[in-house]
>>> print(open('final_29.csv').read())   # CSV, C-alpha atoms
chain,number,residue,atom,x,y,z
G,870,HIS,CA,-24.6,18.4,8.4
G,871,GLY,CA,-27.0,17.4,11.1
G,872,ALA,CA,-24.8,14.7,12.6
G,873,ARG,CA,-25.2,14.1,16.3
G,874,GLN,CA,-21.9,14.6,18.1
G,875,SER,CA,-22.9,13.9,21.6
G,876,VAL,CA,-26.1,12.7,23.3
G,877,VAL,CA,-26.5,12.8,27.1
G,878,LYS,CA,-29.5,11.7,29.3
G,879,LEU,CA,-29.1,14.1,32.2
G,880,GLY,CA,-28.9,12.3,35.5
G,881,ASP,CA,-28.2,8.9,33.9
G,882,PRO,CA,-24.5,8.6,33.0
G,883,GLU,CA,-25.0,4.9,32.1
G,884,HIS,CA,-27.2,5.8,29.1
G,885,LEU,CA,-25.2,5.6,25.9
G,886,GLU,CA,-27.3,6.8,23.0
G,887,LEU,CA,-24.7,6.7,20.3
G,888,SER,CA,-23.5,3.3,19.0
G,889,TYR,CA,-19.9,4.3,18.8
G,890,ALA,CA,-19.9,5.2,22.5
G,891,ARG,CA,-21.3,1.7,23.3
G,892,ALA,CA,-18.5,0.2,21.3
G,893,VAL,CA,-15.9,2.2,23.2
G,894,LEU,CA,-17.4,0.9,26.4
G,895,THR,CA,-17.1,-2.6,25.1
G,896,GLY,CA,-13.4,-2.0,24.5
G,897,VAL,CA,-13.0,-0.7,28.1
G,898,ALA,CA,-13.6,-4.2,29.3
G,899,LEU,CA,-10.0,-5.0,28.3
G,900,ALA,CA,-8.7,-2.3,30.6
G,901,ASP,CA,-9.4,-4.1,33.9
G,902,GLU,CA,-9.6,-1.4,36.7
G,903,PRO,CA,-7.9,1.7,35.4
G,904,ARG,CA,-6.4,4.0,38.0
G,905,SER,CA,-5.7,6.9,35.7
G,906,ILE,CA,-7.7,7.8,32.6
G,907,LEU,CA,-7.0,10.4,29.8
G,908,VAL,CA,-9.8,11.4,27.4
G,909,LEU,CA,-8.7,13.4,24.3
G,910,GLY,CA,-11.7,15.5,23.2
G,911,LEU,CA,-14.6,16.4,25.6
G,912,GLY,CA,-17.7,16.7,23.4
G,913,GLY,CA,-20.7,16.4,25.6
G,914,GLY,CA,-18.7,14.6,28.3
G,915,THR,CA,-20.7,11.3,27.8
G,916,LEU,CA,-17.8,8.9,28.4
G,917,PRO,CA,-15.9,10.8,31.1
G,918,MET,CA,-19.0,11.1,33.2
G,919,LEU,CA,-19.7,7.4,32.8
G,920,PHE,CA,-16.1,6.6,33.7
G,921,ARG,CA,-16.6,8.6,36.9
G,922,LYS,CA,-19.4,6.3,37.9
G,923,LEU,CA,-17.8,3.0,36.8
G,924,PHE,CA,-14.3,3.8,38.2
G,925,PRO,CA,-14.9,6.1,41.2
G,926,ASN,CA,-11.3,5.7,42.4
G,927,ALA,CA,-9.7,6.6,39.1
G,928,ARG,CA,-8.2,10.0,38.3
G,929,ILE,CA,-9.8,11.3,35.0
G,930,GLN,CA,-8.3,14.0,32.9
G,931,ILE,CA,-9.9,15.4,29.7
G,932,ALA,CA,-8.0,17.5,27.2
G,933,GLU,CA,-10.2,19.9,25.1
G,934,ILE,CA,-8.8,22.7,23.0
G,935,ASN,CA,-12.0,24.6,22.4
G,936,PRO,CA,-13.3,26.7,25.3
G,937,ALA,CA,-16.8,26.9,23.8
G,938,VAL,CA,-17.1,23.1,23.9
G,939,ILE,CA,-16.1,23.1,27.6
G,940,ASN,CA,-18.7,25.8,28.3
G,941,VAL,CA,-21.5,23.9,26.5
G,942,ALA,CA,-20.5,20.7,28.3
G,943,HIS,CA,-20.7,22.4,31.7
G,944,ARG,CA,-23.8,24.4,31.0
G,945,TYR,CA,-26.0,21.9,29.2
G,946,PHE,CA,-24.6,18.4,29.4
G,947,GLY,CA,-24.1,18.1,33.2
G,948,VAL,CA,-20.3,17.8,33.1
G,949,THR,CA,-19.0,18.6,36.6
G,950,GLU,CA,-15.4,18.8,37.7
G,951,GLU,CA,-14.1,17.6,41.0
G,952,ALA,CA,-10.9,16.4,42.7
G,953,LYS,CA,-10.6,13.3,40.4
G,954,LEU,CA,-12.2,14.7,37.2
G,955,GLU,CA,-10.4,17.6,35.5
G,956,VAL,CA,-11.1,19.3,32.2
G,957,ILE,CA,-7.9,20.8,30.8
G,958,GLU,CA,-8.2,23.6,28.2
G,959,GLN,CA,-5.3,22.5,26.1
G,960,ASP,CA,-4.4,20.8,22.8
G,961,ALA,CA,-4.5,17.0,23.1
G,962,ARG,CA,-1.0,16.7,21.7
G,963,LYS,CA,0.5,19.0,24.3
G,964,THR,CA,-1.3,17.2,27.1
G,965,VAL,CA,0.2,13.9,25.9
G,966,GLU,CA,3.7,15.3,25.3
G,967,ILE,CA,4.1,16.7,28.8
G,968,ALA,CA,2.7,13.6,30.6
G,969,GLN,CA,4.9,11.1,32.4
G,970,ASP,CA,6.0,7.8,31.0
G,971,GLY,CA,3.3,5.2,31.7
G,972,GLN,CA,1.0,7.7,33.4
G,973,TYR,CA,-2.3,6.4,32.1
G,974,ASP,CA,-3.9,3.0,32.2
G,975,LEU,CA,-6.6,4.0,29.8
G,976,ILE,CA,-6.6,6.6,27.0
G,977,ILE,CA,-9.6,7.5,24.9
G,978,ALA,CA,-8.7,9.3,21.7
G,979,ASP,CA,-11.9,10.9,20.5
G,980,ALA,CA,-10.7,14.4,19.3
G,981,PHE,CA,-12.2,15.6,16.0
G,982,GLY,CA,-12.2,18.8,14.1
G,983,SER,CA,-14.9,19.8,11.7
G,984,ASP,CA,-14.2,17.1,9.1
G,985,ASN,CA,-11.8,14.6,10.6
G,986,ILE,CA,-9.2,14.0,13.3
G,987,PRO,CA,-6.7,16.9,13.4
G,988,PRO,CA,-3.7,15.9,11.3
G,989,HIS,CA,-1.2,16.5,14.2
G,990,LEU,CA,-3.0,13.8,16.2
G,991,THR,CA,-2.6,11.2,13.5
G,992,THR,CA,1.2,11.2,13.0
G,993,VAL,CA,3.7,8.5,14.0
G,994,GLU,CA,5.4,10.9,16.3
G,995,PHE,CA,2.1,11.6,18.2
G,996,LEU,CA,1.2,7.9,18.5
G,997,ARG,CA,4.6,7.1,19.8
G,998,GLN,CA,4.0,9.7,22.5
G,999,LEU,CA,0.6,8.1,23.1
G,1000,ARG,CA,2.3,4.7,23.6
G,1001,ARG,CA,4.9,6.2,25.9
G,1002,VAL,CA,2.4,7.6,28.3
G,1003,THR,CA,0.3,4.4,28.4
G,1004,SER,CA,1.1,2.1,31.3
G,1005,LYS,CA,2.7,-1.3,30.6
G,1006,HIS,CA,-0.6,-3.1,30.8
G,1007,GLY,CA,-2.7,-0.1,29.6
G,1008,LEU,CA,-5.0,0.4,26.6
G,1009,VAL,CA,-5.6,3.0,24.0
G,1010,ILE,CA,-9.1,3.2,22.4
G,1011,ALA,CA,-9.4,5.5,19.4
G,1012,ASN,CA,-12.5,6.5,17.5
G,1013,ILE,CA,-11.8,6.8,13.7
G,1014,TRP,CA,-14.2,7.3,10.8
G,1015,ARG,CA,-14.0,4.3,8.5
G,1016,ARG,CA,-14.1,4.1,4.7
G,1017,PRO,CA,-15.6,5.7,2.6
G,1018,TYR,CA,-16.0,8.6,5.1
G,1019,ASN,CA,-12.3,8.9,5.8
G,1020,ARG,CA,-9.8,9.1,2.9
G,1021,LEU,CA,-7.0,8.8,5.4
G,1022,TYR,CA,-8.3,5.6,7.0
G,1023,ASP,CA,-5.7,3.2,5.5
G,1024,SER,CA,-2.8,5.5,6.5
G,1025,MET,CA,-4.2,5.9,10.0
G,1026,MET,CA,-4.4,2.1,10.4
G,1027,LEU,CA,-0.9,1.6,9.2
G,1028,THR,CA,0.4,4.2,11.7
G,1029,TYR,CA,-1.3,2.4,14.6
G,1030,LEU,CA,0.2,-0.9,13.3
G,1031,GLU,CA,3.7,0.7,13.2
G,1032,VAL,CA,3.6,2.1,16.7
G,1033,PHE,CA,1.6,-0.4,18.9
G,1034,SER,CA,2.4,-4.0,19.5
G,1035,GLU,CA,-1.2,-5.2,19.1
G,1036,ILE,CA,-4.3,-3.6,17.7
G,1037,ARG,CA,-7.9,-4.9,17.2
G,1038,LEU,CA,-10.7,-3.2,15.4
G,1039,LEU,CA,-14.4,-2.9,16.3
G,1040,GLU,CA,-16.6,-2.0,13.5
G,1041,VAL,CA,-19.6,-0.1,14.8
G,1042,PRO,CA,-22.9,-1.4,13.3
G,1043,SER,CA,-25.0,1.0,11.4
G,1044,ASP,CA,-22.5,3.9,11.9
G,1045,VAL,CA,-19.4,5.4,10.3
G,1046,ASN,CA,-17.0,4.6,13.1
G,1047,THR,CA,-14.2,2.1,13.6
G,1048,ILE,CA,-13.0,1.7,17.2
G,1049,VAL,CA,-9.3,0.9,17.5
G,1050,LEU,CA,-8.0,-1.0,20.5
G,1051,ALA,CA,-4.3,-0.7,20.8
G,1052,THR,CA,-1.9,-2.0,23.5
G,1053,PRO,CA,1.8,-1.3,24.1
G,1054,LYS,CA,2.5,-5.0,24.8
G,1055,THR,CA,1.6,-8.0,22.8
G,1056,THR,CA,-1.7,-9.4,24.1
G,1057,ALA,CA,-3.5,-12.4,22.6
G,1058,ILE,CA,-6.9,-10.6,22.1
G,1059,THR,CA,-8.8,-13.5,20.7
G,1060,LYS,CA,-12.5,-13.4,20.1
G,1061,GLU,CA,-13.0,-15.8,23.0
G,1062,TYR,CA,-10.7,-13.8,25.3
G,1063,PHE,CA,-12.5,-10.5,24.4
G,1064,THR,CA,-16.0,-12.0,24.9
G,1065,LYS,CA,-15.0,-13.4,28.3
G,1066,LYS,CA,-13.6,-10.0,29.5
G,1067,ALA,CA,-16.7,-8.2,28.2
G,1068,GLU,CA,-19.1,-10.5,29.9
G,1069,THR,CA,-17.2,-10.2,33.2
G,1070,PHE,CA,-17.1,-6.4,32.8
G,1071,ALA,CA,-20.8,-6.3,32.1
G,1072,ARG,CA,-21.8,-8.3,35.1
G,1073,ALA,CA,-19.7,-6.1,37.4
G,1074,ASN,CA,-20.6,-2.7,36.0
G,1075,CYS,CA,-23.7,-2.6,33.8
G,1076,HIS,CA,-27.2,-2.6,35.0
>>> encode(input="final_29.csv", output="C-alpha coordinates")
Amino acid sequence: HGARQSVVKLGDPEHLELSYARAVLTGVALADEPRSILVLGLGGGTLPMLFRKLFPNARIQIAEINPAVINVAHRYFGVTEEAKLEVIEQDARKTVEIAQDGQYDLIIADAFGSDNIPPHLTTVEFLRQLRRVTSKHGLVIANIWRRPYNRLYDSMMLTYLEVFSEIRLLEVPSDVNTIVLATPKTTAITKEYFTKKAETFARANCH
(Lines of atoms letter the chains of each structure in order from A and count residues from 1; the text may use other names and numbers.)
(Lines give C-alpha, C1' and ligand atoms only; values in the text may rest on other atoms or scores of the structure.)
Protein backbone atom coordinates (compact mmCIF):
# COMPACT_ATOMS: atom_id res chain seq x y z
CA HIS A 1 0.00 0.00 0.00
CA GLY A 2 2.84 2.37 -0.76
CA ALA A 3 4.62 1.93 2.60
CA ARG A 4 8.39 2.29 2.48
CA GLN A 5 10.05 -0.88 3.77
CA SER A 6 13.70 0.14 3.42
CA VAL A 7 15.57 3.29 2.48
CA VAL A 8 19.31 3.29 1.79
CA LYS A 9 21.60 6.16 0.86
CA LEU A 10 24.22 4.35 -1.16
CA GLY A 11 27.74 4.91 0.12
CA ASP A 12 26.53 6.31 3.44
CA PRO A 13 25.62 3.48 5.87
CA GLU A 14 25.18 5.98 8.71
CA HIS A 15 22.16 7.55 6.98
CA LEU A 16 18.96 6.23 8.58
CA GLU A 17 15.97 7.61 6.73
CA LEU A 18 13.22 5.70 8.52
CA SER A 19 12.38 6.68 12.07
CA TYR A 20 12.01 3.09 13.26
CA ALA A 21 15.60 2.36 12.21
CA ARG A 22 16.81 5.36 14.21
CA ALA A 23 14.90 4.04 17.23
CA VAL A 24 16.56 0.63 16.82
CA LEU A 25 19.95 2.33 16.78
CA THR A 26 19.04 4.14 19.99
CA GLY A 27 18.35 0.76 21.59
CA VAL A 28 21.71 -0.58 20.38
CA ALA A 29 23.34 1.83 22.83
CA LEU A 30 22.45 -0.66 25.57
CA ALA A 31 24.41 -3.46 23.86
CA ASP A 32 27.87 -2.06 24.62
CA GLU A 33 30.32 -3.56 22.08
CA PRO A 34 28.64 -6.67 20.58
CA ARG A 35 30.94 -9.36 19.24
CA SER A 36 28.25 -11.40 17.53
CA ILE A 37 25.09 -9.96 15.94
CA LEU A 38 22.07 -11.71 14.45
CA VAL A 39 19.56 -9.85 12.29
CA LEU A 40 16.26 -11.58 11.50
CA GLY A 41 14.98 -10.16 8.22
CA LEU A 42 17.23 -8.49 5.64
CA GLY A 43 15.04 -5.94 3.88
CA GLY A 44 17.34 -3.45 2.21
CA GLY A 45 20.14 -4.26 4.63
CA THR A 46 20.15 -0.80 6.21
CA LEU A 47 20.92 -1.90 9.77
CA PRO A 48 23.40 -4.72 9.01
CA MET A 49 25.52 -2.44 6.83
CA LEU A 50 25.49 0.22 9.55
CA PHE A 51 26.53 -2.37 12.15
CA ARG A 52 29.41 -3.39 9.88
CA LYS A 53 30.74 0.17 10.13
CA LEU A 54 30.01 0.71 13.82
CA PHE A 55 31.26 -2.69 14.99
CA PRO A 56 34.00 -3.75 12.55
CA ASN A 57 35.17 -6.61 14.77
CA ALA A 58 31.72 -8.15 15.20
CA ARG A 59 30.49 -11.18 13.30
CA ILE A 60 27.14 -10.34 11.68
CA GLN A 61 24.67 -12.93 10.42
CA ILE A 62 21.38 -12.11 8.69
CA ALA A 63 18.59 -14.66 8.26
CA GLU A 64 16.32 -14.01 5.26
CA ILE A 65 13.87 -16.60 3.93
CA ASN A 66 13.08 -14.87 0.62
CA PRO A 67 15.75 -15.20 -2.10
CA ALA A 68 14.18 -12.32 -4.05
CA VAL A 69 14.78 -9.98 -1.10
CA ILE A 70 18.42 -11.11 -0.93
CA ASN A 71 18.86 -10.49 -4.65
CA VAL A 72 17.36 -7.00 -4.47
CA ALA A 73 19.49 -6.11 -1.44
CA HIS A 74 22.66 -7.19 -3.23
CA ARG A 75 21.77 -5.67 -6.59
CA TYR A 76 20.25 -2.34 -5.62
CA PHE A 77 20.91 -1.59 -1.95
CA GLY A 78 24.66 -2.12 -1.76
CA VAL A 79 24.61 -5.12 0.59
CA THR A 80 27.96 -6.86 0.34
CA GLU A 81 28.94 -10.05 2.09
CA GLU A 82 32.39 -10.67 3.51
CA ALA A 83 34.13 -12.81 6.10
CA LYS A 84 32.29 -11.23 9.02
CA LEU A 85 28.97 -10.42 7.34
CA GLU A 86 26.90 -13.34 6.07
CA VAL A 87 23.38 -13.50 4.65
CA ILE A 88 21.77 -16.88 5.30
CA GLU A 89 18.85 -17.90 3.06
CA GLN A 90 16.86 -19.56 5.79
CA ASP A 91 13.78 -19.19 7.96
CA ALA A 92 14.61 -17.04 10.99
CA ARG A 93 13.17 -19.61 13.38
CA LYS A 94 15.42 -22.36 12.08
CA THR A 95 18.44 -20.06 12.29
CA VAL A 96 17.69 -19.42 15.96
CA GLU A 97 16.85 -23.03 16.79
CA ILE A 98 20.18 -24.38 15.51
CA ALA A 99 22.29 -21.63 17.14
CA GLN A 100 24.35 -22.28 20.26
CA ASP A 101 23.38 -21.15 23.74
CA GLY A 102 24.43 -17.54 24.32
CA GLN A 103 25.84 -17.23 20.79
CA TYR A 104 24.71 -13.64 20.12
CA ASP A 105 25.31 -10.42 22.03
CA LEU A 106 22.77 -8.50 19.94
CA ILE A 107 19.71 -9.80 18.09
CA ILE A 108 17.55 -7.60 15.86
CA ALA A 109 14.12 -9.16 15.18
CA ASP A 110 12.76 -7.31 12.14
CA ALA A 111 11.17 -10.08 10.07
CA PHE A 112 7.79 -9.25 8.53
CA GLY A 113 5.46 -10.94 6.11
CA SER A 114 3.00 -9.03 3.94
CA ASP A 115 0.79 -7.88 6.81
CA ASN A 116 2.56 -8.64 10.10
CA ILE A 117 5.28 -10.68 11.78
CA PRO A 118 4.97 -14.35 10.72
CA PRO A 119 3.01 -16.18 13.46
CA HIS A 120 5.74 -18.77 14.13
CA LEU A 121 8.07 -15.90 15.10
CA THR A 122 5.70 -14.63 17.80
CA THR A 123 5.19 -17.75 19.92
CA VAL A 124 6.41 -18.38 23.46
CA GLU A 125 8.47 -21.30 22.14
CA PHE A 126 10.29 -19.12 19.62
CA LEU A 127 10.98 -16.32 22.09
CA ARG A 128 12.38 -18.87 24.55
CA GLN A 129 14.76 -19.99 21.83
CA LEU A 130 15.61 -16.35 21.18
CA ARG A 131 16.43 -15.86 24.85
CA ARG A 132 18.48 -19.07 24.89
CA VAL A 133 20.81 -17.89 22.12
CA THR A 134 21.24 -14.41 23.63
CA SER A 135 24.39 -14.00 25.70
CA LYS A 136 24.12 -13.39 29.43
CA HIS A 137 24.58 -9.64 29.03
CA GLY A 138 23.04 -9.50 25.56
CA LEU A 139 20.08 -7.66 24.12
CA VAL A 140 17.15 -8.43 21.83
CA ILE A 141 15.62 -5.55 19.87
CA ALA A 142 12.32 -6.27 18.13
CA ASN A 143 10.34 -4.14 15.71
CA ILE A 144 6.58 -4.53 16.23
CA TRP A 145 3.65 -2.66 14.75
CA ARG A 146 1.65 -1.00 17.52
CA ARG A 147 -2.05 -0.49 18.00
CA PRO A 148 -4.25 0.05 16.01
CA TYR A 149 -2.18 -1.42 13.16
CA ASN A 150 -1.56 -4.73 14.89
CA ARG A 151 -4.47 -6.67 16.38
CA LEU A 152 -1.98 -9.04 18.08
CA TYR A 153 -0.05 -6.24 19.80
CA ASP A 154 -1.20 -7.07 23.34
CA SER A 155 -0.53 -10.79 23.02
CA MET A 156 2.92 -10.08 21.57
CA MET A 157 3.78 -7.84 24.51
CA LEU A 158 2.54 -10.44 27.01
CA THR A 159 4.69 -13.08 25.33
CA TYR A 160 7.81 -10.94 25.65
CA LEU A 161 6.95 -10.25 29.29
CA GLU A 162 6.58 -13.96 29.97
CA VAL A 163 9.93 -14.93 28.44
CA PHE A 164 12.36 -12.10 29.16
CA SER A 165 13.46 -10.79 32.53
CA GLU A 166 13.24 -7.15 31.51
CA ILE A 167 11.62 -5.28 28.63
CA ARG A 168 11.36 -1.63 27.72
CA LEU A 169 9.37 -0.06 24.88
CA LEU A 170 10.36 2.76 22.56
CA GLU A 171 7.40 4.32 20.77
CA VAL A 172 8.55 5.62 17.40
CA PRO A 173 7.30 9.19 16.86
CA SER A 174 5.08 9.74 13.81
CA ASP A 175 5.23 6.09 12.78
CA VAL A 176 3.44 2.78 13.41
CA ASN A 177 6.31 1.02 15.19
CA THR A 178 7.07 0.06 18.74
CA ILE A 179 10.65 -1.04 19.44
CA VAL A 180 10.96 -3.69 22.15
CA LEU A 181 14.20 -3.87 24.14
CA ALA A 182 14.43 -7.23 25.92
CA THR A 183 17.20 -8.62 28.12
CA PRO A 184 17.70 -12.13 29.53
CA LYS A 185 18.80 -10.72 32.88
CA THR A 186 17.15 -8.15 35.09
CA THR A 187 18.65 -4.76 34.29
CA ALA A 188 17.54 -1.49 35.83
CA ILE A 189 16.92 0.32 32.54
CA THR A 190 15.83 3.62 34.00
CA LYS A 191 15.33 6.70 31.87
CA GLU A 192 18.52 8.20 33.34
CA TYR A 193 20.54 5.04 32.67
CA PHE A 194 19.26 4.78 29.11
CA THR A 195 19.96 8.45 28.40
CA LYS A 196 23.51 8.17 29.68
CA LYS A 197 24.22 5.05 27.61
CA ALA A 198 22.74 6.66 24.49
CA GLU A 199 24.82 9.81 24.93
CA THR A 200 28.00 7.77 25.39
CA PHE A 201 27.17 5.67 22.33
CA ALA A 202 26.46 8.75 20.22
CA ARG A 203 29.75 10.42 21.14
CA ALA A 204 31.67 7.25 20.24
CA ASN A 205 29.91 6.27 17.03
CA CYS A 206 27.71 8.94 15.46
CA HIS A 207 29.01 11.80 13.36
>>> residues_around(input="final_29.csv", residues="range 926-939 of chain G", least_positions_apart="4", cutoff="6 Å", atoms="only C-alpha atoms", output="list in words")
Arg904, Ser905, Ile906, Leu907, Val908, Leu909, Gly910, Leu911, Lys953, Leu954, Glu955, Val956, Ile957, Glu958, Gln959, Asp960 and Ala961 of chain G
>>> residues_near_point(input="final_29.csv", point="(4.4, 5.4, 8.2)", cutoff="7 Å", atoms="all atoms listed in the file", output="PDB file with C-alpha atoms, in the coordinates of the input")
ATOM      1  CA  VAL G 993       3.700   8.500  14.000  1.00  0.00           C
ATOM      2  CA  LEU G1027      -0.900   1.600   9.200  1.00  0.00           C
ATOM      3  CA  THR G1028       0.400   4.200  11.700  1.00  0.00           C
ATOM      4  CA  GLU G1031       3.700   0.700  13.200  1.00  0.00           C
TER       5      GLU G1031
END
>>> atom_distance(input="final_29.csv", atom1="CA of Lys878 in chain G", atom2="CA of Phe924 in chain G")
19.3 Å
>>> atom_distance(input="final_29.csv", atom1="CA of Phe981 in chain G", atom2="CA of Gly912 in chain G")
9.3 Å
>>> residues_around(input="final_29.csv", residues="His884 in chain G", least_positions_apart="3", cutoff="12 Å", atoms="all atoms listed in the file", output="PyMOL selection string")
chain G and resi 875-881+887-888+890-891+894+915-916+918-919+922+1075-1076
>>> closest_residue(input="final_29.csv", among="G:Gly871, G:Pro925, G:Gly1007, G:Gly896", to="Glu1068 in chain G", atoms="only C-alpha atoms")
G:Gly896
>>> closest_residue(input="final_29.csv", among="G:His943, G:Lys1005, G:Ala1011, G:His989", to="Ser1034 in chain G", atoms="all atoms listed in the file")
G:Lys1005
>>> atom_distance(input="final_29.csv", atom1="CA of Val897 in chain G", atom2="CA of Gln998 in chain G")
20.7 Å
>>> residues_around(input="final_29.csv", residues="His1006 in chain G", least_positions_apart="3", cutoff="8 Å", atoms="only C-alpha atoms", output="ChimeraX atom specification")
/G:974,1003,1052-1054
>>> write_last_selection(input="final_29.csv", atoms="C-alpha atoms", output="PDB file, in the frame of the given file")
ATOM      1  CA  ASP G 974      -3.900   3.000  32.200  1.00  0.00           C
ATOM      2  CA  THR G1003       0.300   4.400  28.400  1.00  0.00           C
ATOM      3  CA  THR G1052      -1.900  -2.000  23.500  1.00  0.00           C
ATOM      4  CA  PRO G1053       1.800  -1.300  24.100  1.00  0.00           C
ATOM      5  CA  LYS G1054       2.500  -5.000  24.800  1.00  0.00           C
TER       6      LYS G1054
END
